[in-house]
Amino acid sequence: MSAYDARLRLDGIDEAPIHVVIDLTDERFTMTAGDVEVADWSRQEIRVSPLLDGFHIRAEGEEVILDVTDEARFALDLGLRNAPPLLRRRMSALLRSAD
């Protein structure tokens, strides 16, 4: 199981972010906030864009922004290849340390 702590916020809304746990098990992308399931999508249903302000997740016509605690490992688990330079360096460092 690949689980990540993150803070979720809605694009364009100035409310405080909420703490969520993201689970990437079995080609699914699920988010829970406490005991409440916030999202459950197939990874095929979402589009992930790593930008300077976080991971922009688009699904079902909506967009959320995630600030993931272990962003480099999260990006690698999602199979992302493109990212801002600092995130790419962190991803490369993880890949080198796995050797």
# chains A, B, ... in the order shown; residues from 1 in each chain; ligands from 1
>>> residues_around(residues="Arg47 in chain A", least_positions_apart="3", cutoff="12 Å", atoms="only C-alpha atoms", output="number ranges by chain")
A: 29, 41-44, 50, 55-65, 78-80
>>> atom_distance(atom1="CA of Glu71 in chain A", atom2="CA of His19 in chain A")
14.9 Å
>>> closest_residue(among="A:Leu52, A:Leu87, A:Leu10, A:Ala3", to="Thr32 in chain A", atoms="only C-alpha atoms")
A:Ala3
>>> residues_around(residues="Thr30 in chain A", least_positions_apart="5", cutoff="7 Å", atoms="only C-alpha atoms", output="ChimeraX atom specification")
/A:22-24,39-41
>>> select_by_dssp(residues="range 5-89 of chain A", states="helix (DSSP H, G or I)", output="PyMOL selection string")
chain A and resi 25-27+43-45+71-78+85-89
>>> select_by_dssp(residues="chain A", states="strand (DSSP E)", output="tab-separated table (two decimals) with N, CA and C atoms, in the first residue's frame")
chain	number	residue	atom	x	y	z
A	3	ALA	N	0.59	5.05	0.80
A	3	ALA	CA	-0.27	6.07	1.40
A	3	ALA	C	0.55	7.33	1.66
A	4	TYR	N	-0.07	8.47	1.43
A	4	TYR	CA	0.61	9.75	1.56
A	4	TYR	C	-0.26	10.75	2.31
A	5	ASP	N	0.36	11.51	3.21
A	5	ASP	CA	-0.31	12.61	3.89
A	5	ASP	C	-0.26	13.83	2.98
A	6	ALA	N	-1.35	14.57	2.94
A	6	ALA	CA	-1.40	15.76	2.09
A	6	ALA	C	-2.40	16.75	2.67
A	7	ARG	N	-2.31	17.97	2.14
A	7	ARG	CA	-3.28	19.01	2.45
A	7	ARG	C	-4.00	19.30	1.14
A	8	LEU	N	-5.31	19.26	1.18
A	8	LEU	CA	-6.14	19.44	0.00
A	8	LEU	C	-6.81	20.81	0.04
A	9	ARG	N	-6.77	21.47	-1.11
A	9	ARG	CA	-7.52	22.72	-1.24
A	9	ARG	C	-8.13	22.78	-2.62
A	10	LEU	N	-9.19	23.53	-2.74
A	10	LEU	CA	-9.86	23.70	-4.01
A	10	LEU	C	-9.26	24.89	-4.74
A	18	ILE	N	-7.62	21.08	3.97
A	18	ILE	CA	-7.94	20.00	4.91
A	18	ILE	C	-6.90	18.89	4.77
A	19	HIS	N	-6.65	18.21	5.87
A	19	HIS	CA	-5.70	17.10	5.87
A	19	HIS	C	-6.39	15.88	5.27
A	20	VAL	N	-5.71	15.25	4.32
A	20	VAL	CA	-6.21	14.03	3.70
A	20	VAL	C	-5.10	12.99	3.65
A	21	VAL	N	-5.50	11.75	3.54
A	21	VAL	CA	-4.57	10.65	3.28
A	21	VAL	C	-4.91	10.10	1.91
A	22	ILE	N	-3.90	10.00	1.06
A	22	ILE	CA	-4.07	9.51	-0.31
A	22	ILE	C	-3.55	8.08	-0.35
A	23	ASP	N	-4.34	7.19	-0.91
A	23	ASP	CA	-3.96	5.79	-1.05
A	23	ASP	C	-3.90	5.46	-2.54
A	28	ARG	N	-5.85	2.55	-7.98
A	28	ARG	CA	-6.90	3.48	-7.55
A	28	ARG	C	-6.23	4.70	-6.93
A	29	PHE	N	-6.95	5.79	-6.88
A	29	PHE	CA	-6.53	7.02	-6.24
A	29	PHE	C	-7.65	7.37	-5.28
A	30	THR	N	-7.45	7.08	-4.00
A	30	THR	CA	-8.49	7.39	-3.02
A	30	THR	C	-7.95	8.40	-2.01
A	31	MET	N	-8.85	9.26	-1.55
A	31	MET	CA	-8.51	10.25	-0.53
A	31	MET	C	-9.52	10.15	0.59
A	32	THR	N	-9.01	10.17	1.80
A	32	THR	CA	-9.89	10.20	2.98
A	32	THR	C	-9.48	11.35	3.88
A	33	ALA	N	-10.47	11.93	4.52
A	33	ALA	CA	-10.26	12.97	5.53
A	33	ALA	C	-10.88	12.43	6.81
A	36	VAL	N	-13.93	9.95	6.53
A	36	VAL	CA	-14.76	10.28	5.37
A	36	VAL	C	-13.96	10.10	4.08
A	37	GLU	N	-14.51	9.31	3.17
A	37	GLU	CA	-13.88	9.15	1.87
A	37	GLU	C	-14.22	10.37	1.02
A	38	VAL	N	-13.19	11.09	0.59
A	38	VAL	CA	-13.36	12.31	-0.20
A	38	VAL	C	-13.41	11.98	-1.69
A	39	ALA	N	-12.62	10.99	-2.12
A	39	ALA	CA	-12.57	10.64	-3.54
A	39	ALA	C	-12.13	9.20	-3.70
A	40	ASP	N	-12.60	8.58	-4.77
A	40	ASP	CA	-12.17	7.23	-5.13
A	40	ASP	C	-12.27	7.13	-6.65
A	41	TRP	N	-11.12	7.22	-7.30
A	41	TRP	CA	-11.06	7.19	-8.76
A	41	TRP	C	-10.07	6.14	-9.22
A	42	SER	N	-10.30	5.61	-10.39
A	42	SER	CA	-9.28	4.83	-11.08
A	42	SER	C	-8.21	5.83	-11.49
A	47	ARG	N	-6.21	13.29	-14.12
A	47	ARG	CA	-5.04	13.89	-14.74
A	47	ARG	C	-4.29	14.62	-13.64
A	48	VAL	N	-3.01	14.33	-13.51
A	48	VAL	CA	-2.19	14.91	-12.45
A	48	VAL	C	-1.14	15.82	-13.09
A	49	SER	N	-1.09	17.06	-12.61
A	49	SER	CA	-0.09	18.02	-13.09
A	49	SER	C	0.69	18.54	-11.89
A	50	PRO	N	1.98	18.17	-11.81
A	50	PRO	CA	2.79	18.72	-10.72
A	50	PRO	C	3.22	20.15	-11.07
A	51	LEU	N	2.76	21.11	-10.31
A	51	LEU	CA	3.09	22.51	-10.54
A	51	LEU	C	3.78	23.06	-9.30
A	54	GLY	N	1.76	22.79	-6.01
A	54	GLY	CA	1.28	21.47	-5.59
A	54	GLY	C	0.86	20.64	-6.79
A	55	PHE	N	0.29	19.49	-6.49
A	55	PHE	CA	-0.19	18.58	-7.52
A	55	PHE	C	-1.64	18.95	-7.85
A	56	HIS	N	-1.88	19.34	-9.07
A	56	HIS	CA	-3.23	19.66	-9.51
A	56	HIS	C	-3.86	18.38	-10.04
A	57	ILE	N	-4.95	17.97	-9.42
A	57	ILE	CA	-5.65	16.74	-9.78
A	57	ILE	C	-6.97	17.13	-10.44
A	58	ARG	N	-7.16	16.66	-11.67
A	58	ARG	CA	-8.40	16.93	-12.39
A	58	ARG	C	-9.16	15.63	-12.58
A	59	ALA	N	-10.42	15.65	-12.17
A	59	ALA	CA	-11.29	14.48	-12.32
A	59	ALA	C	-12.73	14.96	-12.27
A	62	GLU	N	-13.70	18.63	-12.07
A	62	GLU	CA	-13.26	19.43	-10.93
A	62	GLU	C	-11.74	19.40	-10.84
A	63	GLU	N	-11.19	20.37	-10.12
A	63	GLU	CA	-9.75	20.39	-9.88
A	63	GLU	C	-9.49	20.67	-8.41
A	64	VAL	N	-8.60	19.87	-7.84
A	64	VAL	CA	-8.14	20.10	-6.47
A	64	VAL	C	-6.62	20.21	-6.51
A	65	ILE	N	-6.08	20.83	-5.48
A	65	ILE	CA	-4.63	20.98	-5.38
A	65	ILE	C	-4.18	20.29	-4.11
A	66	LEU	N	-3.17	19.44	-4.25
A	66	LEU	CA	-2.64	18.69	-3.11
A	66	LEU	C	-1.22	19.12	-2.81
A	67	ASP	N	-0.95	19.39	-1.55
A	67	ASP	CA	0.40	19.63	-1.06
A	67	ASP	C	0.79	18.35	-0.33
A	68	VAL	N	1.54	17.49	-1.00
A	68	VAL	CA	1.86	16.16	-0.49
A	68	VAL	C	3.16	16.20	0.31
>>> residues_around(residues="Leu94 in chain A", least_positions_apart="5", cutoff="10 Å", atoms="only C-alpha atoms", output="PyMOL selection string")
chain A and resi 72-73+76+88-89+99
>>> atom_distance(atom1="CA of Thr25 in chain A", atom2="CA of Asp11 in chain A")
25.6 Å
>>> atom_distance(atom1="CA of Ser2 in chain A", atom2="CA of Asp26 in chain A")
9.6 Å
